[in-house]
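Here is start_15.cif, consisting of mmCIF, C-alpha atoms:
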data_protein
loop_
_atom_site.label_atom_id
_atom_site.label_comp_id
_atom_site.auth_asym_id
_atom_site.auth_seq_id
_atom_site.Cartn_x
_atom_site.Cartn_y
_atom_site.Cartn_z
CA MET K 1 28.92 -27.22 12.76
CA VAL K 2 32.24 -26.93 10.96
CA THR K 3 32.05 -26.02 7.27
CA ILE K 4 34.12 -27.15 4.29
CA LYS K 5 35.31 -23.56 3.88
CA GLU K 6 36.66 -23.50 7.45
CA ILE K 7 38.49 -26.79 6.91
CA ALA K 8 39.94 -25.52 3.62
CA LYS K 9 41.16 -22.33 5.27
CA ALA K 10 42.82 -24.24 8.09
CA VAL K 11 44.66 -26.61 5.74
CA GLY K 12 45.40 -24.09 2.99
CA VAL K 13 43.58 -25.82 0.12
CA SER K 14 40.46 -25.13 -1.92
CA SER K 15 36.98 -26.01 -0.70
CA GLY K 16 36.62 -28.31 -3.70
CA THR K 17 39.68 -30.29 -2.65
CA VAL K 18 38.31 -30.69 0.88
CA SER K 19 34.95 -31.82 -0.46
CA ARG K 20 36.51 -34.41 -2.75
CA VAL K 21 38.79 -35.78 -0.03
CA LEU K 22 35.97 -36.07 2.50
CA ASN K 23 33.82 -37.81 -0.10
CA TYR K 24 36.63 -40.29 -0.88
CA ASP K 25 37.04 -39.21 -4.49
CA GLN K 26 39.69 -41.66 -5.72
CA THR K 27 40.28 -39.65 -8.92
CA LEU K 28 41.62 -36.67 -6.97
CA SER K 29 45.36 -36.13 -7.32
CA VAL K 30 46.50 -35.03 -3.86
CA SER K 31 49.44 -36.08 -1.70
CA GLU K 32 48.87 -38.46 1.19
CA ALA K 33 50.25 -35.81 3.55
CA LYS K 34 47.67 -33.28 2.33
CA ARG K 35 44.88 -35.88 2.46
CA GLN K 36 45.83 -36.72 6.04
CA ALA K 37 45.94 -33.03 6.97
CA ILE K 38 42.41 -32.51 5.61
CA ILE K 39 40.95 -35.53 7.41
CA GLU K 40 42.70 -34.77 10.68
CA THR K 41 41.71 -31.11 10.53
CA ALA K 42 38.07 -31.96 9.85
CA GLU K 43 38.06 -34.33 12.79
CA ALA K 44 40.02 -31.99 15.05
CA LEU K 45 37.72 -29.02 14.40
CA ASN K 46 34.72 -31.10 15.36
CA TYR K 47 36.63 -32.45 18.33
CA ALA K 48 37.63 -29.03 19.66
CA THR K 49 34.13 -27.59 19.69
CA PRO K 50 32.63 -29.46 22.68
CA ARG K 51 35.85 -28.98 24.67
CA ALA K 52 35.77 -25.24 24.00
CA ARG K 53 32.18 -25.14 25.25
CA ARG K 54 33.09 -27.05 28.41
CA ASN K 55 36.12 -24.84 29.10
CA ALA K 56 33.95 -21.74 28.76
CA VAL K 57 31.82 -22.74 31.75
CA GLN K 58 34.21 -24.85 33.81
CA PRO K 59 37.41 -23.96 35.66
CA PRO K 60 40.72 -25.16 34.18
CA LEU K 61 41.51 -28.84 34.61
CA SER K 62 43.55 -29.65 37.70
CA ILE K 63 45.87 -32.54 36.89
CA SER K 64 47.41 -34.78 39.50
CA MET K 65 50.68 -36.25 38.26
CA PRO K 66 52.65 -39.17 39.66
CA SER K 67 55.47 -38.11 41.95
CA HIS K 68 58.22 -39.52 39.71
CA ALA K 69 58.15 -37.75 36.34
CA ASP K 70 60.33 -40.37 34.69
CA VAL K 71 57.66 -42.99 35.37
CA VAL K 72 55.24 -41.33 32.93
CA ALA K 73 57.72 -40.05 30.37
CA ASN K 74 57.51 -43.14 28.20
CA VAL K 75 54.05 -44.30 27.17
CA ALA K 76 52.86 -45.94 23.97
CA LEU K 77 49.80 -45.90 21.75
CA ILE K 78 49.35 -49.28 20.04
CA HIS K 79 47.02 -48.96 17.05
CA PHE K 80 45.38 -51.93 15.32
CA LEU K 81 45.25 -50.04 12.01
CA ALA K 82 48.05 -48.96 9.70
CA PRO K 83 48.24 -45.17 9.09
CA GLY K 84 46.61 -45.46 5.65
CA GLU K 85 43.80 -47.62 7.02
CA GLU K 86 43.18 -45.15 9.82
CA LEU K 87 42.56 -42.42 7.25
CA VAL K 88 39.92 -44.56 5.53
CA ASP K 89 37.88 -44.37 8.73
CA PRO K 90 38.37 -40.97 10.42
CA TYR K 91 36.57 -42.26 13.52
CA TYR K 92 39.88 -43.80 14.56
CA VAL K 93 41.66 -40.55 13.76
CA GLY K 94 39.35 -39.02 16.36
CA VAL K 95 40.25 -41.67 18.95
CA ARG K 96 43.97 -41.03 18.36
CA LEU K 97 43.56 -37.25 18.46
CA GLY K 98 41.75 -37.58 21.78
CA ILE K 99 44.63 -39.65 23.18
CA GLU K 100 47.30 -37.29 21.88
CA ALA K 101 45.52 -34.13 23.07
CA ARG K 102 45.01 -35.56 26.55
CA CYS K 103 48.64 -36.66 26.71
CA ARG K 104 49.68 -33.10 25.89
CA GLU K 105 47.55 -31.84 28.77
CA TYR K 106 49.32 -34.26 31.09
CA LYS K 107 52.67 -33.37 29.49
CA LEU K 108 53.24 -37.00 28.56
CA GLU K 109 55.46 -38.07 25.70
CA ILE K 110 53.82 -40.74 23.60
CA THR K 111 55.17 -43.17 21.04
CA ARG K 112 52.85 -44.39 18.30
CA VAL K 113 53.02 -48.05 17.29
CA PHE K 114 50.98 -48.94 14.21
CA ASN K 115 50.90 -52.72 13.86
CA PRO K 116 47.79 -54.08 12.13
CA GLU K 117 48.72 -57.38 10.54
CA VAL K 118 50.99 -59.24 12.97
CA PRO K 119 51.36 -59.48 16.75
CA VAL K 120 52.97 -56.39 18.23
CA ASP K 121 56.75 -56.52 18.36
CA LEU K 122 57.17 -56.79 22.11
CA ALA K 123 60.65 -55.29 21.86
CA LEU K 124 58.95 -51.98 21.04
CA LEU K 125 57.38 -52.02 24.49
CA ALA K 126 60.58 -52.61 26.41
CA GLY K 127 60.90 -49.90 29.03
CA VAL K 128 57.42 -48.53 28.39
CA SER K 129 55.61 -47.63 31.61
CA ALA K 130 52.08 -47.81 30.19
CA ALA K 131 50.32 -48.34 26.89
CA ILE K 132 46.92 -47.66 25.36
CA VAL K 133 45.79 -50.37 22.95
CA VAL K 134 43.35 -48.97 20.38
CA GLY K 135 40.91 -51.46 18.87
CA HIS K 136 40.64 -55.19 18.77
CA ARG K 137 43.39 -57.54 19.85
CA SER K 138 43.24 -61.22 20.73
CA LYS K 139 43.46 -62.27 24.36
CA ALA K 140 46.78 -63.96 23.64
CA GLU K 141 48.24 -60.71 22.26
CA ILE K 142 46.95 -58.68 25.20
CA ASP K 143 48.41 -61.18 27.68
CA ALA K 144 51.75 -61.05 25.86
CA MET K 145 51.83 -57.25 25.95
CA ALA K 146 50.89 -57.21 29.63
CA ARG K 147 53.90 -59.38 30.48
CA VAL K 148 56.16 -56.65 29.05
CA CYS K 149 54.22 -53.47 29.85
CA PRO K 150 53.13 -52.87 33.48
CA HIS K 151 49.90 -51.03 32.63
CA LEU K 152 47.59 -51.59 29.65
CA VAL K 153 44.39 -49.71 28.85
CA ILE K 154 42.12 -50.95 26.05
CA ALA K 155 40.35 -48.21 24.07
CA ASP K 156 37.26 -48.78 21.90
CA TYR K 157 37.01 -52.46 22.77
CA ASN K 158 36.13 -54.70 25.70
CA PRO K 159 38.38 -57.79 25.56
CA ARG K 160 36.35 -59.57 28.26
CA MET K 161 39.46 -59.62 30.44
CA PRO K 162 38.38 -58.02 33.73
CA GLN K 163 41.91 -57.32 34.96
CA PHE K 164 42.47 -54.63 32.31
CA ASP K 165 41.01 -51.13 32.17
CA CYS K 166 38.90 -50.47 29.10
CA VAL K 167 36.71 -47.70 27.70
CA ARG K 168 34.20 -48.01 24.89
CA ALA K 169 30.66 -47.24 23.73
CA ASP K 170 27.93 -49.88 23.99
CA LEU K 171 27.26 -50.55 20.31
CA GLY K 172 24.62 -53.16 21.08
CA GLU K 173 22.59 -50.68 23.07
CA ALA K 174 23.12 -48.04 20.38
CA THR K 175 21.79 -50.46 17.76
CA VAL K 176 18.62 -51.04 19.75
CA THR K 177 18.17 -47.27 20.08
CA ILE K 178 18.39 -46.87 16.29
CA LEU K 179 16.01 -49.75 15.58
CA ASP K 180 13.46 -48.48 18.09
CA ALA K 181 13.60 -45.04 16.45
CA LEU K 182 13.25 -46.42 12.92
CA GLU K 183 10.24 -48.48 13.99
CA GLN K 184 8.69 -45.40 15.61
CA ALA K 185 9.31 -43.45 12.40
CA GLY K 186 7.31 -46.02 10.43
CA TYR K 187 10.01 -48.22 8.90
CA GLY K 188 8.94 -51.86 8.99
CA ARG K 189 11.46 -53.74 6.84
CA ILE K 190 15.00 -52.92 7.94
CA GLY K 191 18.14 -54.39 6.40
CA PHE K 192 21.59 -54.58 7.96
CA VAL K 193 24.93 -54.15 6.18
CA GLY K 194 27.97 -55.27 8.19
CA GLY K 195 30.90 -57.65 8.36
CA TYR K 196 32.04 -60.92 9.88
CA GLU K 197 34.25 -60.91 12.95
CA LEU K 198 37.42 -62.93 13.22
CA MET K 199 39.32 -63.31 16.47
CA ASP K 200 41.75 -66.01 17.58
CA ASN K 201 41.17 -67.72 14.23
CA ASP K 202 37.46 -68.20 14.97
CA ALA K 203 34.97 -66.69 12.54
CA LEU K 204 31.96 -65.26 14.35
CA MET K 205 29.52 -64.93 11.48
CA GLN K 206 26.97 -62.99 13.50
CA GLY K 207 28.97 -62.15 16.61
CA GLU K 208 29.70 -58.45 16.06
CA GLN K 209 27.82 -56.31 18.62
CA ARG K 210 25.69 -54.37 16.14
CA CYS K 211 24.83 -57.45 14.11
CA LYS K 212 23.98 -59.49 17.20
CA ALA K 213 21.74 -56.73 18.56
CA PHE K 214 20.03 -56.40 15.16
CA ILE K 215 19.18 -60.12 15.14
CA GLU K 216 18.02 -60.21 18.77
CA TRP K 217 15.84 -57.10 18.35
CA HIS K 218 14.01 -58.70 15.42
CA GLU K 219 13.77 -62.11 17.07
CA ALA K 220 12.16 -60.56 20.15
CA ARG K 221 9.42 -59.24 17.86
CA GLY K 222 9.08 -62.44 15.84
CA ARG K 223 10.25 -60.63 12.71
CA TYR K 224 13.77 -61.88 12.07
CA ASN K 225 14.41 -62.51 8.38
CA ALA K 226 17.90 -63.78 7.53
CA GLU K 227 17.75 -62.41 3.98
CA LEU K 228 17.83 -58.87 5.40
CA LEU K 229 21.23 -59.53 6.96
CA ALA K 230 24.05 -58.76 4.48
CA LEU K 231 27.52 -59.47 5.86
CA GLY K 232 30.79 -59.10 4.00
CA GLN K 233 34.00 -60.88 4.92
CA SER K 234 36.71 -58.89 6.68
CA GLU K 235 40.36 -59.86 6.46
CA ARG K 236 40.74 -59.80 10.22
CA PHE K 237 38.61 -58.99 13.22
CA GLY K 238 38.42 -55.28 13.77
CA GLN K 239 39.79 -54.46 10.31
CA ASN K 240 38.23 -51.33 8.92
CA LEU K 241 35.09 -52.16 6.94
CA ARG K 242 35.57 -50.73 3.47
CA LEU K 243 33.26 -48.68 1.34
CA GLU K 244 33.29 -51.50 -1.20
CA THR K 245 31.85 -53.94 1.34
CA GLY K 246 28.96 -51.59 2.03
CA TYR K 247 28.37 -51.18 -1.69
CA GLN K 248 28.35 -54.91 -2.46
CA GLN K 249 26.22 -55.92 0.52
CA ALA K 250 23.71 -53.14 -0.09
CA LYS K 251 23.38 -54.33 -3.70
CA SER K 252 22.38 -57.77 -2.40
CA LEU K 253 19.64 -56.23 -0.26
CA LEU K 254 18.35 -54.12 -3.15
CA ALA K 255 18.18 -57.23 -5.35
CA LEU K 256 15.61 -58.88 -3.06
CA SER K 257 12.11 -59.32 -4.45
CA GLU K 258 10.94 -57.16 -1.55
CA ARG K 259 13.69 -54.71 -0.71
CA PRO K 260 14.00 -53.08 2.71
CA ASP K 261 12.61 -49.62 3.32
CA ALA K 262 15.61 -48.76 5.51
CA ILE K 263 19.22 -49.96 5.73
CA LEU K 264 21.30 -49.83 8.90
CA ALA K 265 25.02 -49.79 8.06
CA ALA K 266 27.63 -50.85 10.61
CA ASN K 267 29.62 -47.64 10.07
CA ASP K 268 29.59 -44.47 8.02
CA ASN K 269 32.03 -45.84 5.43
CA MET K 270 29.67 -48.70 4.67
CA ALA K 271 26.83 -46.19 4.46
CA ILE K 272 28.75 -44.31 1.76
CA GLY K 273 28.98 -47.55 -0.22
CA THR K 274 25.27 -48.08 0.42
CA TYR K 275 24.48 -44.63 -0.99
CA ARG K 276 26.27 -45.60 -4.19
CA ALA K 277 24.35 -48.86 -4.56
CA ILE K 278 21.02 -47.10 -4.00
CA ARG K 279 21.76 -44.43 -6.60
CA GLU K 280 22.90 -47.01 -9.15
CA ALA K 281 19.58 -48.79 -8.63
CA GLY K 282 17.77 -45.58 -9.61
CA LEU K 283 16.39 -45.06 -6.10
CA SER K 284 16.32 -41.99 -3.88
CA ILE K 285 17.33 -41.45 -0.25
CA PRO K 286 15.19 -41.21 1.84
CA GLU K 287 12.13 -41.22 -0.42
CA ASP K 288 12.61 -44.83 -1.56
CA ILE K 289 14.90 -46.13 1.15
CA ALA K 290 16.39 -44.67 4.31
CA VAL K 291 20.01 -45.09 5.42
CA VAL K 292 21.38 -44.81 8.96
CA ALA K 293 24.79 -45.71 10.33
CA PHE K 294 27.31 -45.36 13.16
CA ASN K 295 30.27 -43.08 14.08
CA ASP K 296 29.41 -39.62 12.65
CA ILE K 297 32.72 -39.07 10.88
CA PRO K 298 33.17 -35.59 9.31
CA VAL K 299 32.03 -36.66 5.84
CA ALA K 300 28.59 -37.69 7.19
CA GLN K 301 27.33 -34.10 7.26
CA PHE K 302 28.51 -33.45 3.69
CA LEU K 303 26.81 -36.39 1.96
CA THR K 304 23.72 -35.82 -0.19
CA PRO K 305 21.47 -36.11 1.69
CA PRO K 306 23.41 -35.69 4.96
CA LEU K 307 23.66 -39.00 6.80
CA SER K 308 21.69 -39.85 9.93
CA THR K 309 24.18 -41.60 12.18
CA MET K 310 24.83 -42.62 15.77
CA ARG K 311 27.62 -40.44 17.11
CA ILE K 312 30.23 -42.55 18.87
CA PRO K 313 32.44 -40.31 21.06
CA GLY K 314 35.79 -41.40 19.65
CA GLU K 315 37.71 -38.39 20.95
CA LEU K 316 36.29 -38.82 24.44
CA ILE K 317 37.10 -42.53 24.36
CA GLY K 318 40.70 -41.52 23.69
CA GLU K 319 40.68 -38.93 26.48
CA VAL K 320 39.24 -41.32 29.05
CA ALA K 321 41.77 -43.99 28.07
CA VAL K 322 44.57 -41.56 29.00
CA ASP K 323 42.83 -40.66 32.26
CA LEU K 324 42.62 -44.35 33.16
CA MET K 325 46.29 -44.82 32.31
CA VAL K 326 47.34 -41.90 34.51
CA GLU K 327 45.24 -43.25 37.38
CA ARG K 328 47.09 -46.55 37.10
CA LEU K 329 50.43 -44.76 37.09
CA ASN K 330 49.28 -42.87 40.18
CA GLY K 331 48.77 -46.16 42.01
CA ARG K 332 45.19 -47.33 41.40
CA ASP K 333 45.33 -51.11 41.80
CA TYR K 334 41.86 -52.15 40.63
CA SER K 335 40.40 -52.19 37.12
CA LYS K 336 37.75 -49.92 35.64
CA HIS K 337 35.45 -50.60 32.70
CA VAL K 338 33.99 -47.35 31.38
CA THR K 339 31.06 -47.10 28.94
CA LEU K 340 30.41 -43.74 27.29
CA ALA K 341 27.04 -42.63 26.00
CA THR K 342 26.23 -42.37 22.30
CA GLU K 343 24.03 -39.77 20.58
CA MET K 344 21.81 -40.18 17.52
CA ILE K 345 22.26 -37.39 14.97
CA TRP K 346 19.25 -37.17 12.66
CA ARG K 347 19.87 -35.69 9.23
CA GLY K 348 18.26 -36.00 5.83
CA SER K 349 18.81 -39.69 5.09
CA ALA K 350 15.95 -40.95 7.28
CA ARG K 351 12.72 -39.73 8.83
CA LYS K 352 13.16 -38.61 12.41
CA PRO K 353 10.71 -40.24 14.85
CA ASP K 354 8.12 -37.99 16.47
#

Show me, as structure tokens, the structure contained in the file I just sent.
Amino acid sequence: MVTIKEIAKAVGVSSGTVSRVLNYDQTLSVSEAKRQAIIETAEALNYATPRARRNAVQPPLSISMPSHADVVANVALIHFLAPGEELVDPYYVGVRLGIEARCREYKLEITRVFNPEVPVDLALLAGVSAAIVVGHRSKAEIDAMARVCPHLVIADYNPRMPQFDCVRADLGEATVTILDALEQAGYGRIGFVGGYELMDNDALMQGEQRCKAFIEWHEARGRYNAELLALGQSERFGQNLRLETGYQQAKSLLALSERPDAILAANDNMAIGTYRAIREAGLSIPEDIAVVAFNDIPVAQFLTPPLSTMRIPGELIGEVAVDLMVERLNGRDYSKHVTLATEMIWRGSARKPD
């Protein structure tokens, strides 16, 4: 496991600066470039470790390239977050690093397009041979991009459009895995902190995968209680869920006459906000209430106590997206939908089931 000292050495800053950046200390005076370097280095060091292990026992990767080099020289990464928003959730830094690293292996030049608030400027895709779309886009936007760009791959999202390649983790299944484990560990009253979804101007109050799975799991056991569902409003579907949302929604759960004995947060950022709400209430983690989440961003291991979280393989999602893109450029004429496995990382914020 990477340490704060190793990150500090790689970036050329103090361990204290790294700690404060990873813990989202807003009072820290540090440049955005340095903040980005710390977050990307923390993510990249974690990212490199499994690859180094695989390379130690496997022969070098043999890469088959399309016959016409100019066909693959111009590819694009279309990100649904702005650069500053990406840094708020390093999970998406990991997805991007996976894409960029894999493109380097294939010797592909890649253009980054950050366009969170409005439909992608299609002029930016003129002449692009292929593009990887990271995150959530409406069907209308995806159709519009496909009319300009010959090959689209959707990373970290399934748009329910079978003609397009996509790669993601099954967050619904991961939610069930967490809930089963919490039940086995003896937690009986579990709250959920998440957000609304908004796509194509339709608000899906309980449509997000993790939220939907949470409800269905409880309904199947005859234990669903709507007051344990705390959802904050997001500006747009797929927009990064902020620490403040986790804080405010956790406060509402803690204000119940019978509070939950565990809180499942939709991502690690919301869990950080949940930690704050629990401490302000004079409660302890995990003695009074457990906290679990999703993503396993670098800061998760440095929280007090360290956060139990479902590891979503963001870097591998990025790598596989590039592999799918190259297959298309090599002539594959059918679509693939790839689902990658998740892994629960148990730390000090919740009891581990036997």

With all atoms listed in the file as the counted atoms, please give the residues lying no more than 7 Å from segment 255-268 of chain K, apart from itself and same-chain residues fewer than 2 positions off, as a list in words.
Tyr187, Arg189, Ile190, Gly191, Phe192, Val193, Gly194, Arg210, Lys251, Ser252, Leu253, Met270, Ala271, Ile272, Asp288, Ile289, Ala290, Val291, Val292, Ala293, Phe294, Asn295, Asp296, Ile297 and Ala300 of chain K

Go through the shown structure with the PyMOL selection byres ((chain K and resi 168) around 9) and write out the matching residues as a PDB file with C-alpha atoms, in the frame of the given file.
ATOM      1  CA  ILE K 154      42.120 -50.950  26.050  1.00  0.00           C
ATOM      2  CA  ALA K 155      40.350 -48.210  24.070  1.00  0.00           C
ATOM      3  CA  ASP K 156      37.260 -48.780  21.900  1.00  0.00           C
ATOM      4  CA  TYR K 157      37.010 -52.460  22.770  1.00  0.00           C
ATOM      5  CA  ASN K 158      36.130 -54.700  25.700  1.00  0.00           C
ATOM      6  CA  CYS K 166      38.900 -50.470  29.100  1.00  0.00           C
ATOM      7  CA  VAL K 167      36.710 -47.700  27.700  1.00  0.00           C
ATOM      8  CA  ALA K 169      30.660 -47.240  23.730  1.00  0.00           C
ATOM      9  CA  ASP K 170      27.930 -49.880  23.990  1.00  0.00           C
ATOM     10  CA  LEU K 171      27.260 -50.550  20.310  1.00  0.00           C
ATOM     11  CA  PRO K 313      32.440 -40.310  21.060  1.00  0.00           C
ATOM     12  CA  GLY K 314      35.790 -41.400  19.650  1.00  0.00           C
ATOM     13  CA  ILE K 317      37.100 -42.530  24.360  1.00  0.00           C
ATOM     14  CA  HIS K 337      35.450 -50.600  32.700  1.00  0.00           C
ATOM     15  CA  VAL K 338      33.990 -47.350  31.380  1.00  0.00           C
ATOM     16  CA  THR K 339      31.060 -47.100  28.940  1.00  0.00           C
ATOM     17  CA  LEU K 340      30.410 -43.740  27.290  1.00  0.00           C
TER      18      LEU K 340
END

Would you be able to write out as a list of chain:residue names which residues have an atom within 9 Å of (45.7, -50.5, 22.2) in the file's coordinates, counting all atoms listed in the file?
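Output of the proximity query reads K:Ala76, K:Leu77, K:Ile78, K:His79, K:Phe80, K:Ala131, K:Ile132, K:Val133, K:Val134, K:Gly135, K:His136, K:Arg137, K:Ile142, K:Leu152, K:Val153, K:Ile154, K:Ala155, K:Asp156, K:Tyr157.
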
As a check of understanding, name the residues that the PyMOL selection byres ((chain K and resi 245) around 10) selects in the supplied structure, as a list of chain:residue names.
K:Val193, K:Gly194, K:Gly195, K:Ala230, K:Leu231, K:Gly232, K:Gln233, K:Ser234, K:Leu241, K:Arg242, K:Leu243, K:Glu244, K:Gly246, K:Tyr247, K:Gln248, K:Gln249, K:Ala250, K:Lys251, K:Asn269, K:Met270, K:Ala271, K:Gly273, K:Thr274

Of the candidates K:Val299, K:Ile110, K:Leu316, K:Leu81, which shows the shortest atom-to-atom distance to Ile39 of chain K, using only C-alpha atoms?
K:Val299

Output of the PyMOL selection byres ((chain K and resi 319) around 6), listed as a PyMOL selection string:
chain K and resi 98-99+102+316-318+320-322

Selection to disk with C-alpha atoms, as a CSV table (one decimal), keeping the file's coordinate frame:
chain,number,residue,atom,x,y,z
K,98,GLY,CA,41.8,-37.6,21.8
K,99,ILE,CA,44.6,-39.6,23.2
K,102,ARG,CA,45.0,-35.6,26.6
K,316,LEU,CA,36.3,-38.8,24.4
K,317,ILE,CA,37.1,-42.5,24.4
K,318,GLY,CA,40.7,-41.5,23.7
K,320,VAL,CA,39.2,-41.3,29.0
K,321,ALA,CA,41.8,-44.0,28.1
K,322,VAL,CA,44.6,-41.6,29.0

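Taking atom CA of Thr309 of chain K and atom CA of Val176 of chain K as endpoints, the distance between them is 13.3 Å.
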
List every residue of segment 278-337 of chain K that has an atom at most 8 Å from any atom of segment 17-28 of chain K, and for each one report the closest atom pair and its distance in Å to one decimal, counting all atoms listed in the file, with rows sorted by chain and then by increasing residue number, as JSON lines.
{"residue": "K:Pro298", "atom": "CA", "partner": "K:Leu22", "partner_atom": "CA", "distance": 7.4}
{"residue": "K:Val299", "atom": "CA", "partner": "K:Leu22", "partner_atom": "CA", "distance": 5.2}
{"residue": "K:Phe302", "atom": "CA", "partner": "K:Ser19", "partner_atom": "CA", "distance": 7.8}
{"residue": "K:Leu303", "atom": "CA", "partner": "K:Asn23", "partner_atom": "CA", "distance": 7.4}
